[in-house]
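Have a look at data01.cif below; it lists mmCIF, C-alpha atoms.
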```cif
data_work
loop_
_atom_site.label_atom_id
_atom_site.label_comp_id
_atom_site.auth_asym_id
_atom_site.auth_seq_id
_atom_site.Cartn_x
_atom_site.Cartn_y
_atom_site.Cartn_z
CA MET A 1 -22.93 -12.86 33.19
CA ASN A 2 -22.03 -16.47 34.12
CA SER A 3 -23.22 -17.62 30.71
CA VAL A 4 -20.97 -15.12 28.90
CA LEU A 5 -18.03 -16.03 31.15
CA SER A 6 -18.37 -19.73 30.36
CA LEU A 7 -18.50 -19.01 26.63
CA ILE A 8 -15.19 -17.12 26.75
CA GLY A 9 -13.57 -19.83 28.85
CA ARG A 10 -13.63 -18.27 32.32
CA ASP A 11 -15.44 -19.06 35.57
CA LYS A 12 -15.07 -15.76 37.45
CA GLU A 13 -15.14 -12.02 36.84
CA LEU A 14 -11.71 -10.62 36.07
CA PHE A 15 -11.79 -7.42 38.15
CA LEU A 16 -13.92 -8.63 41.07
CA THR A 17 -11.14 -8.37 43.68
CA ASP A 18 -9.90 -4.97 42.45
CA ILE A 19 -13.43 -3.54 42.49
CA GLN A 20 -14.13 -4.91 45.98
CA ASN A 21 -10.83 -3.55 47.31
CA HIS A 22 -11.61 -0.05 46.03
CA GLU A 23 -15.42 0.03 46.28
CA ALA A 24 -15.57 2.51 49.15
CA LYS A 25 -13.38 5.02 47.31
CA LEU A 26 -15.19 4.42 44.01
CA SER A 27 -18.58 5.12 45.57
CA GLN A 28 -17.35 8.15 47.46
CA ILE A 29 -15.92 9.79 44.34
CA ILE A 30 -18.95 9.00 42.15
CA THR A 31 -21.55 10.13 44.68
CA ASN A 32 -19.90 13.55 44.85
CA SER A 33 -19.11 14.01 41.16
CA ARG A 34 -20.62 15.07 37.83
CA PHE A 35 -20.12 12.86 34.77
CA LEU A 36 -20.49 13.19 31.01
CA VAL A 37 -20.31 9.96 29.00
CA LEU A 38 -19.74 10.40 25.26
CA GLY A 39 -20.67 7.48 23.03
CA GLY A 40 -22.59 6.21 26.04
CA ALA A 41 -25.13 4.08 24.18
CA GLY A 42 -22.67 1.66 22.61
CA SER A 43 -21.89 -1.59 24.40
CA ILE A 44 -18.95 -0.25 26.40
CA GLY A 45 -20.62 3.12 26.94
CA GLN A 46 -23.75 1.47 28.34
CA ALA A 47 -21.62 -0.66 30.68
CA VAL A 48 -19.74 2.43 31.94
CA THR A 49 -22.98 4.38 32.36
CA LYS A 50 -24.53 1.60 34.45
CA GLU A 51 -21.43 1.34 36.66
CA ILE A 52 -21.65 5.09 37.36
CA PHE A 53 -25.45 5.21 37.74
CA LYS A 54 -25.64 2.45 40.35
CA ARG A 55 -23.26 4.43 42.60
CA ASN A 56 -25.55 7.51 42.71
CA PRO A 57 -23.65 10.28 40.91
CA GLU A 58 -24.52 13.93 41.48
CA LYS A 59 -24.96 14.32 37.71
CA LEU A 60 -24.79 11.86 34.82
CA HIS A 61 -25.35 13.03 31.23
CA VAL A 62 -25.04 10.61 28.33
CA VAL A 63 -24.50 11.62 24.71
CA ASP A 64 -24.72 9.28 21.73
CA ILE A 65 -25.54 9.52 18.03
CA SER A 66 -27.88 6.51 18.26
CA GLU A 67 -31.33 7.55 19.43
CA ASN A 68 -32.56 3.94 19.57
CA ASN A 69 -29.66 2.74 21.70
CA LEU A 70 -30.20 5.61 24.13
CA VAL A 71 -33.84 4.57 24.52
CA GLU A 72 -32.73 1.01 25.31
CA LEU A 73 -30.10 2.29 27.75
CA VAL A 74 -32.73 4.21 29.73
CA ARG A 75 -35.11 1.23 29.71
CA ASP A 76 -32.30 -1.04 30.88
CA ILE A 77 -31.26 1.30 33.69
CA ARG A 78 -34.84 1.90 34.88
CA SER A 79 -35.54 -1.84 34.83
CA SER A 80 -32.31 -2.76 36.65
CA PHE A 81 -31.69 0.10 39.07
CA GLY A 82 -34.71 2.39 39.09
CA TYR A 83 -34.00 6.04 39.86
CA ILE A 84 -31.45 8.28 41.59
CA PRO A 85 -31.76 11.75 43.14
CA GLY A 86 -29.00 13.04 40.85
CA ASP A 87 -29.47 14.62 37.41
CA PHE A 88 -29.60 11.74 34.88
CA ARG A 89 -30.32 12.67 31.25
CA THR A 90 -29.52 11.42 27.74
CA PHE A 91 -28.96 13.45 24.56
CA ALA A 92 -29.11 12.13 20.98
CA LEU A 93 -26.28 14.25 19.56
CA ASP A 94 -23.33 13.87 17.18
CA ILE A 95 -20.21 14.88 19.12
CA GLY A 96 -18.80 16.52 16.00
CA SER A 97 -21.87 18.73 15.51
CA LEU A 98 -22.72 22.35 16.20
CA GLU A 99 -25.64 21.18 18.34
CA TYR A 100 -23.28 19.29 20.63
CA ASP A 101 -21.07 22.38 20.97
CA ALA A 102 -24.12 24.45 21.96
CA PHE A 103 -25.16 21.79 24.49
CA PHE A 104 -21.70 21.76 26.06
CA LYS A 105 -21.47 25.55 26.13
CA VAL A 106 -24.73 25.81 28.09
CA ASP A 107 -23.81 23.08 30.57
CA GLY A 108 -20.19 21.94 30.59
CA GLY A 109 -20.14 21.49 34.35
CA TYR A 110 -18.53 18.07 34.63
CA ASP A 111 -15.83 16.71 36.89
CA TYR A 112 -15.18 13.69 34.67
CA ILE A 113 -15.69 13.23 30.94
CA LEU A 114 -15.47 9.70 29.54
CA ASN A 115 -15.26 9.35 25.76
CA LEU A 116 -16.31 5.91 24.51
CA SER A 117 -17.23 7.01 20.98
CA ALA A 118 -15.28 5.33 18.20
CA LEU A 119 -15.36 3.74 14.79
CA LYS A 120 -14.09 0.43 16.06
CA HIS A 121 -14.38 -2.00 13.16
CA VAL A 122 -11.39 -3.11 11.13
CA ARG A 123 -13.82 -3.37 8.19
CA SER A 124 -14.31 0.42 8.27
CA GLU A 125 -11.07 0.90 6.33
CA LYS A 126 -12.50 -0.68 3.18
CA ASP A 127 -13.31 2.68 1.52
CA PRO A 128 -11.63 6.09 1.81
CA TYR A 129 -14.79 7.93 2.94
CA THR A 130 -15.59 5.73 5.93
CA LEU A 131 -11.88 5.76 6.70
CA MET A 132 -11.87 9.57 6.81
CA ARG A 133 -14.85 9.45 9.18
CA MET A 134 -12.81 7.10 11.36
CA VAL A 135 -10.07 9.73 11.51
CA ASP A 136 -12.66 12.35 12.43
CA VAL A 137 -14.34 10.32 15.16
CA ASN A 138 -11.29 8.62 16.66
CA VAL A 139 -8.80 11.49 16.42
CA PHE A 140 -10.34 14.92 15.84
CA ASN A 141 -13.56 14.55 17.86
CA THR A 142 -11.42 13.31 20.72
CA ASP A 143 -9.06 16.28 20.47
CA LYS A 144 -12.00 18.68 20.24
CA THR A 145 -13.75 17.31 23.33
CA VAL A 146 -10.50 17.34 25.31
CA GLN A 147 -10.10 21.04 24.51
CA GLN A 148 -13.70 21.69 25.57
CA ALA A 149 -13.08 19.81 28.83
CA LEU A 150 -9.98 21.89 29.45
CA ALA A 151 -11.82 25.17 28.85
CA ALA A 152 -14.65 24.10 31.19
CA GLY A 153 -12.31 23.19 34.05
CA THR A 154 -13.00 19.44 33.92
CA LYS A 155 -10.97 17.49 36.50
CA LYS A 156 -10.22 14.42 34.35
CA TYR A 157 -10.71 13.24 30.76
CA PHE A 158 -10.83 9.54 29.95
CA CYS A 159 -10.79 8.05 26.47
CA VAL A 160 -10.96 4.42 25.43
CA SER A 161 -8.18 3.17 23.17
CA THR A 162 -7.68 -0.38 21.88
CA ASP A 163 -5.24 -3.26 22.12
CA LYS A 164 -4.90 -2.81 18.35
CA ALA A 165 -3.03 0.47 19.00
CA ALA A 166 -0.01 -1.53 20.22
CA ASN A 167 2.06 -2.24 17.10
CA PRO A 168 -0.97 -1.62 14.83
CA VAL A 169 -1.52 -3.56 11.60
CA ASN A 170 -4.84 -1.97 10.63
CA MET A 171 -6.06 1.59 10.14
CA MET A 172 -8.46 1.41 13.08
CA GLY A 173 -5.65 0.51 15.49
CA ALA A 174 -3.40 3.10 13.89
CA SER A 175 -6.05 5.82 14.23
CA LYS A 176 -6.26 5.05 17.95
CA ARG A 177 -2.46 5.16 18.21
CA ILE A 178 -2.50 8.60 16.58
CA MET A 179 -5.31 9.58 18.97
CA GLU A 180 -3.01 8.64 21.86
CA MET A 181 -0.36 11.00 20.42
CA PHE A 182 -2.86 13.88 20.38
CA LEU A 183 -3.85 13.03 23.96
CA MET A 184 -0.20 13.20 25.05
CA ARG A 185 -0.06 16.78 23.75
CA ARG A 186 -3.20 17.77 25.68
CA SER A 187 -1.98 15.97 28.83
CA LEU A 188 0.30 18.94 29.48
CA GLN A 189 -2.86 20.93 30.26
CA ILE A 190 -5.40 18.45 31.66
CA ASP A 191 -5.21 15.04 33.37
CA ILE A 192 -5.97 12.26 30.88
CA SER A 193 -6.07 8.49 31.22
CA THR A 194 -7.05 5.77 28.76
CA ALA A 195 -7.60 2.02 28.55
CA ARG A 196 -6.64 -0.66 26.07
CA PHE A 197 -8.59 -3.86 26.31
CA ALA A 198 -9.66 -7.01 24.60
CA ASN A 199 -12.71 -7.81 22.52
CA VAL A 200 -15.92 -7.17 24.43
CA ALA A 201 -17.96 -10.35 24.25
CA PHE A 202 -21.32 -9.87 22.47
CA SER A 203 -20.83 -6.12 22.04
CA ASP A 204 -22.88 -4.44 19.29
CA GLY A 205 -21.61 -5.34 15.83
CA SER A 206 -19.13 -7.95 17.10
CA LEU A 207 -18.90 -11.42 15.64
CA LEU A 208 -20.30 -12.94 18.84
CA HIS A 209 -23.23 -10.52 18.79
CA GLY A 210 -23.71 -11.69 15.22
CA PHE A 211 -24.20 -15.27 16.47
CA ASN A 212 -27.45 -14.15 18.15
CA GLN A 213 -28.57 -12.48 14.92
CA ARG A 214 -27.75 -15.52 12.80
CA LEU A 215 -29.87 -17.81 14.96
CA GLU A 216 -32.72 -15.33 15.06
CA LYS A 217 -32.62 -15.01 11.24
CA ARG A 218 -32.00 -18.72 10.65
CA GLN A 219 -28.64 -18.19 8.97
CA PRO A 220 -25.33 -20.08 9.18
CA ILE A 221 -22.75 -19.42 11.89
CA VAL A 222 -19.48 -18.31 10.31
CA ALA A 223 -16.21 -17.79 12.21
CA PRO A 224 -12.44 -17.91 11.66
CA ASN A 225 -10.78 -21.02 13.10
CA ASP A 226 -7.26 -19.59 13.17
CA VAL A 227 -7.85 -16.33 15.07
CA ARG A 228 -7.55 -16.48 18.86
CA ARG A 229 -8.55 -13.49 20.94
CA TYR A 230 -8.85 -12.24 24.51
CA PHE A 231 -12.36 -11.35 25.66
CA VAL A 232 -13.84 -9.34 28.49
CA THR A 233 -17.53 -9.11 29.37
CA PRO A 234 -19.45 -5.85 28.85
CA LYS A 235 -19.55 -5.33 32.64
CA GLU A 236 -15.76 -5.81 32.86
CA SER A 237 -15.24 -3.28 30.07
CA GLY A 238 -17.22 -0.73 32.08
CA GLU A 239 -15.25 -1.48 35.24
CA LEU A 240 -11.91 -1.14 33.44
CA CYS A 241 -12.86 2.26 31.99
CA LEU A 242 -14.14 3.52 35.33
CA MET A 243 -11.05 2.38 37.24
CA SER A 244 -8.78 4.10 34.73
CA CYS A 245 -10.85 7.29 34.80
CA LEU A 246 -11.03 7.59 38.58
CA PHE A 247 -7.71 6.04 39.67
CA GLY A 248 -5.39 6.53 36.71
CA ASP A 249 -2.62 9.10 36.96
CA ASN A 250 -2.09 11.54 34.11
CA ARG A 251 -1.13 9.67 30.89
CA ASP A 252 -1.78 6.21 32.37
CA ILE A 253 -3.12 3.50 30.06
CA PHE A 254 -4.91 0.68 31.91
CA PHE A 255 -5.22 -2.83 30.48
CA PRO A 256 -6.48 -6.21 31.75
CA LYS A 257 -3.95 -8.77 32.94
CA LEU A 258 -4.90 -11.66 30.71
CA SER A 259 -2.90 -14.85 30.50
CA GLU A 260 -2.20 -16.34 27.08
CA LYS A 261 -2.47 -19.80 28.60
CA LEU A 262 -5.74 -19.17 30.43
CA HIS A 263 -7.64 -16.60 28.43
CA LEU A 264 -7.00 -16.90 24.67
CA ILE A 265 -9.83 -18.57 22.78
CA SER A 266 -10.74 -18.90 19.09
CA PHE A 267 -13.96 -17.60 17.57
CA ALA A 268 -14.72 -21.11 16.26
CA ASP A 269 -14.40 -22.57 19.77
CA ILE A 270 -16.77 -19.94 21.14
CA ALA A 271 -19.24 -20.72 18.34
CA VAL A 272 -19.28 -24.39 19.31
CA LYS A 273 -19.80 -23.53 23.01
CA TYR A 274 -22.49 -21.01 22.06
CA LEU A 275 -24.46 -23.56 20.03
CA ALA A 276 -24.12 -26.17 22.78
CA GLU A 277 -25.61 -23.70 25.26
CA LYS A 278 -28.55 -23.30 22.87
CA GLY A 279 -28.96 -27.06 22.68
CA LEU A 280 -27.68 -27.23 19.11
CA GLU A 281 -25.04 -29.42 17.49
CA PRO A 282 -22.67 -27.74 14.99
CA VAL A 283 -22.45 -29.25 11.51
CA LEU A 284 -19.29 -28.20 9.66
CA CYS A 285 -19.80 -27.14 6.04
CA ASP A 286 -17.35 -26.87 3.15
CA ASP A 287 -18.57 -23.59 1.66
CA GLU A 288 -21.12 -20.79 1.94
CA ASP A 289 -23.62 -22.37 -0.49
CA GLU A 290 -23.79 -25.59 1.51
CA ALA A 291 -24.13 -23.67 4.77
CA ARG A 292 -26.99 -21.54 3.43
CA GLU A 293 -28.77 -24.60 2.00
CA LEU A 294 -28.57 -26.58 5.25
CA THR A 295 -30.32 -23.84 7.22
CA LYS A 296 -33.52 -25.08 5.53
CA THR A 297 -33.36 -28.50 7.19
CA LEU A 298 -30.86 -28.77 10.06
CA PRO A 299 -32.49 -26.57 12.77
CA GLU A 300 -35.46 -28.94 13.11
CA GLN A 301 -32.94 -31.71 13.87
CA GLY A 302 -31.32 -29.75 16.68
CA LYS A 303 -28.31 -28.95 14.49
CA TRP A 304 -26.85 -25.79 12.95
CA PRO A 305 -24.68 -25.27 9.86
CA CYS A 306 -21.25 -23.74 10.57
CA LEU A 307 -18.52 -22.53 8.28
CA PHE A 308 -15.13 -22.25 10.01
CA THR A 309 -12.34 -20.97 7.77
CA GLY A 310 -8.93 -19.35 7.92
CA SER A 311 -8.70 -15.56 8.13
CA ASP A 312 -7.53 -13.78 4.98
CA THR A 313 -8.99 -10.28 5.27
CA THR A 314 -7.24 -6.92 5.56
CA GLY A 315 -6.18 -5.69 8.97
CA GLU A 316 -6.61 -8.87 11.01
CA LYS A 317 -3.85 -9.06 13.58
CA ASP A 318 -2.33 -12.50 14.09
CA PHE A 319 -2.09 -11.99 17.85
CA GLU A 320 -3.15 -9.50 20.51
CA GLU A 321 -0.94 -7.37 22.70
CA PHE A 322 -1.74 -4.59 25.14
CA PHE A 323 1.71 -3.02 25.32
CA THR A 324 5.03 -2.94 23.47
CA ASP A 325 8.56 -3.69 24.64
CA GLN A 326 9.29 0.04 24.74
CA GLU A 327 6.53 0.87 27.24
CA THR A 328 7.01 1.11 31.02
CA LEU A 329 4.61 -1.00 33.10
CA ASN A 330 3.26 -0.98 36.63
CA MET A 331 1.94 -4.49 37.28
CA ALA A 332 1.84 -4.24 41.08
CA ARG A 333 -0.78 -1.60 41.90
CA PHE A 334 -3.82 -3.77 41.08
CA GLU A 335 -4.39 -7.52 41.06
CA ASN A 336 -5.84 -7.85 37.56
CA LEU A 337 -5.22 -4.42 36.06
CA GLY A 338 -1.91 -3.49 34.48
CA ILE A 339 -0.85 0.11 33.86
CA ILE A 340 1.33 1.57 31.11
CA LYS A 341 3.16 4.66 32.46
CA ASN A 342 3.85 7.36 29.89
CA ASP A 343 5.87 10.53 29.62
CA ALA A 344 4.41 13.34 27.51
CA GLU A 345 6.16 12.24 24.33
CA PHE A 346 4.84 13.63 21.05
CA ASP A 347 6.09 15.46 17.97
CA ASP A 348 4.21 18.76 17.82
CA GLN A 349 5.30 19.42 14.23
CA LEU A 350 4.16 15.96 13.13
CA LEU A 351 0.73 16.44 14.73
CA ALA A 352 0.37 19.84 13.08
CA GLU A 353 1.28 18.36 9.70
CA PHE A 354 -1.29 15.59 10.20
CA GLU A 355 -3.98 18.19 10.92
CA GLU A 356 -2.96 20.25 7.90
CA ARG A 357 -2.88 17.29 5.50
CA ILE A 358 -6.31 16.07 6.60
CA ALA A 359 -7.74 19.61 6.37
CA THR A 360 -6.42 19.91 2.79
CA MET A 361 -8.01 16.61 1.75
CA LYS A 362 -11.35 17.71 3.22
CA ARG A 363 -11.19 21.16 1.64
CA ASP A 364 -10.53 19.66 -1.79
CA LEU A 365 -13.13 16.90 -1.25
CA ALA A 366 -10.55 14.58 -2.78
CA TRP A 367 -8.56 11.77 -1.21
CA ASN A 368 -8.04 8.05 -1.64
CA LYS A 369 -7.17 5.27 0.75
CA GLN A 370 -3.49 5.32 -0.19
CA ASP A 371 -3.27 9.03 0.73
CA LEU A 372 -4.42 8.15 4.24
CA VAL A 373 -2.30 5.01 4.51
CA ASP A 374 0.80 7.03 3.52
CA LEU A 375 -0.05 9.68 6.12
CA PHE A 376 -0.46 7.01 8.79
CA TYR A 377 2.94 5.56 7.87
CA GLN A 378 4.43 9.02 8.34
CA MET A 379 2.84 9.26 11.81
CA ILE A 380 3.76 5.75 12.93
CA PRO A 381 7.22 4.56 11.81
CA GLY A 382 7.10 0.79 11.44
CA PHE A 383 3.30 0.74 10.96
CA GLY A 384 2.74 -2.81 9.74
CA HIS A 385 -0.40 -2.27 7.66
CA LYS A 386 -1.63 -5.66 6.52
CA GLU A 387 -3.39 -5.27 3.16
CA THR A 388 -4.75 -8.44 1.52
CA GLY A 389 -7.21 -6.87 -0.92
CA LYS A 390 -10.04 -8.71 0.87
CA TYR A 391 -12.43 -7.24 3.44
CA LEU A 392 -14.92 -8.71 5.87
CA ASP A 393 -17.83 -7.30 3.83
CA SER A 394 -16.93 -9.79 1.09
CA LYS A 395 -17.70 -12.72 3.43
CA MET A 396 -20.79 -13.97 5.25
#
```
Just dump the structure as C-alpha cells.
Amino acid sequence: MNSVLSLIGRDKELFLTDIQNHEAKLSQIITNSRFLVLGGAGSIGQAVTKEIFKRNPEKLHVVDISENNLVELVRDIRSSFGYIPGDFRTFALDIGSLEYDAFFKVDGGYDYILNLSALKHVRSEKDPYTLMRMVDVNVFNTDKTVQQALAAGTKKYFCVSTDKAANPVNMMGASKRIMEMFLMRRSLQIDISTARFANVAFSDGSLLHGFNQRLEKRQPIVAPNDVRRYFVTPKESGELCLMSCLFGDNRDIFFPKLSEKLHLISFADIAVKYLAEKGLEPVLCDDEDEARELTKTLPEQGKWPCLFTGSDTTGEKDFEEFFTDQETLNMARFENLGIIKNDAEFDDQLLAEFEERIATMKRDLAWNKQDLVDLFYQMIPGFGHKETGKYLDSKM
C-alpha cells in the first residue's frame, strides 16, 4: 500500500479518517447484512469484496465472468483473512445470461447489491461491436439487475460510475452517463447510490498495471507525458464504493476530494518513480523501434528504455472532473468524500427511444459506430466526443 501511495505522489490513505470515524457503524451493518457483488473479480470488485469480507457479513456472494480472477480472489481472501461463519461463495457467471437469471431467481435474498461490472476502457469504442457490448454491460445489464433487485426486495443498489461521466468526451464516459439516467428512473422505486472516482492505480488492464507486464516481458515502458490524472489505490476504491453503498442517500453520487495541486500526476512521472523503485534508470527514446531495440541491452546495465509522447488518441480527456457546475454538492458530511445530491431527473421518452433504437440495431444485426455516436449525442446534449481517428491499440 505504501509503495503504491508513494508512486502516485501521496504519503497517506485518502479515506483513513472517514473510515475510522464510521467503523463501528460500518461493521454493525455488514455483520447483519447479506451482500451480492457483481463484477466482483475485477480490481475494484476484489477491493470491495475484501472490505466486506473482513467485517464478517451474514452472506457474501460474488459473481464475475472471469473464472480465473475469481480463483485468485478466493486465494487472496483465504491467505489474507482466512474464513468467516457467514455464507461466502463465488459464481463464474455472465450477468447478462440466462444462467445468472436462474441463479438470482433461486437465491435473490440480498440486502445490498453492488454492481462493479463494466467495460471501462476508452479503447473499447474502436469498433462498433465492442461498443455495442459496452452499451449492454454498462447500461442494460445495470438496468436489468436493478429491476431484479427491486423485485427481490433488496434494500439498496449501488453501481460504480466514472469521473468520465461528468462532461464526457468518450463513449465509455457517455455510456456511464446514460447509465446514470436509467438509474434515476429506477430510483423512484428503490434506493440507489453510485460513485465516481479517479483512476485506480495498478488495476487490471490499466497503464500502470501494464508497467509490471512490460518489465516481466522485457519490453519498453510507454506513457503519455501530457496527460495528468488523479489516482486512488485499489483499497481506497473499495472503501469509496462501500461508503456510498451503506451511507449514501437515494440518488447520491460519492467522489473523492482530490486537490489539483496535491494529487494530479502524469503517467510519465509515475513511470519514472516506478522504475526508480525497481532500481532502474529510465532512458528516453525517440521512437518505438529504438525503444524495442534497447530492451536487448539496457536491462543488464540497470536501465530501461522509455518512450514518453503526447496523447493523440480518441476519447482521451484533457482533464478530470468529478462533477459539473450544474450539480449540487455536499462537501461537509465527510472529510475526504464529496457527495453529489440529485433529484430524480430523467426523460422517460428519451430513455424509451434509446431502448427501442438499440433493440432495432440488434434485431437487424446491423449498426456502425456513427449510429451509436449519433444516438449518444441525442441522449447527452453537448456531448463533446473527441474523435481523432487514432486508438490506443495502434500504439505500444
Next item on the list: In Å, rounded to a single decimal, give me how far CA of Cys159 in chain A is from CA of Thr194 in chain A.
Entry: 4.9 Å
Next item on the list: Report as a PyMOL selection string the residues that result from applying the PyMOL selection byres ((chain A and resi 362-374) around 12) to the structure here.
Entry: chain A and resi 124-136+169-172+174-175+354-361+375-387
Notebook entry, point to check: Quick one: residues within 9 Å of Gly108 in chain A, all atoms listed in the file counted, chain neighbours fewer than 4 positions away excluded, as a ChimeraX atom specification?
Noted result: /A:36,103-104,148-149,152-154
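Of note, CA of Asn115 in chain A and CA of Ala332 in chain A are spaced 26.7 Å apart.
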Note to self: I'd like the residues picked by the PyMOL selection byres ((chain A and resi 20-35) around 7) written out as a list of chain:residue names, using the chain letters and numbers from the file.
What the structure shows: A:Leu16, A:Thr17, A:Asp18, A:Ile19, A:Leu36, A:Val37, A:Ile52, A:Arg55, A:Asn56, A:Pro57, A:Glu58, A:Lys59, A:Leu60, A:His61, A:Tyr110, A:Asp111, A:Tyr112, A:Ile113
Next item on the list: Identify, on the basis of only C-alpha atoms, every residue whose closest approach to Glu72 in chain A does not exceed 12 Å; exclude the query and any residue fewer than 6 positions from it along the same chain; express the result as a PyMOL selection string.
Entry: chain A and resi 40-43+46+66+78-80+90
Notebook entry, point to check: Mind pulling up the distance from CA of Phe322 in chain A to CA of Phe202 in chain A?
Noted result: 20.5 Å
Next item on the list: Name the residues in contact with Met184 in chain A at a cut-off of 10 Å, using all atoms listed in the file, excluding same-chain residues fewer than 6 positions from it; report them as a ChimeraX atom specification.
Entry: /A:178,190-193,250-251,342-347
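Run against this file, the PyMOL selection byres ((chain A and resi 264) around 8) gives back Arg228, Arg229, Tyr230, Phe231, Ser259, Glu260, Lys261, Leu262, His263, Ile265 and Ser266 of chain A.
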Checklist line | Among the residues A:Lys303, A:Arg186, A:Arg10, A:Lys120, the one that comes closest to Gln147 in chain A [using only C-alpha atoms] | finding: A:Arg186
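Remark: for Lys144 in chain A, the closest of the candidate residues A:Phe53, A:Phe255, A:Phe267, A:Tyr100 is A:Tyr100 (distances computed over all atoms listed in the file).
The smallest atom-to-atom distance between Gly238 in chain A and any of A:Lys155, A:Val200, A:Ile95, A:Ala268, using only C-alpha atoms, is found for A:Val200.
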Next item on the list: Considering all atoms listed in the file, return as an NGL selection string whatever protein or nucleic-acid residues lie within 10 Å of range 208-218 of chain A, sequence-local ones (same chain, fewer than 5 positions apart) excluded.
Entry: :A and (199-203 or 223 or 267 or 270-271 or 274-275 or 278 or 292 or 295-296 or 299 or 304-305)
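Counting only C-alpha atoms and comparing A:Pro256, A:Pro168, A:Gly39, A:Gly96, the residue that lies closest to Leu14 in chain A is A:Pro256.
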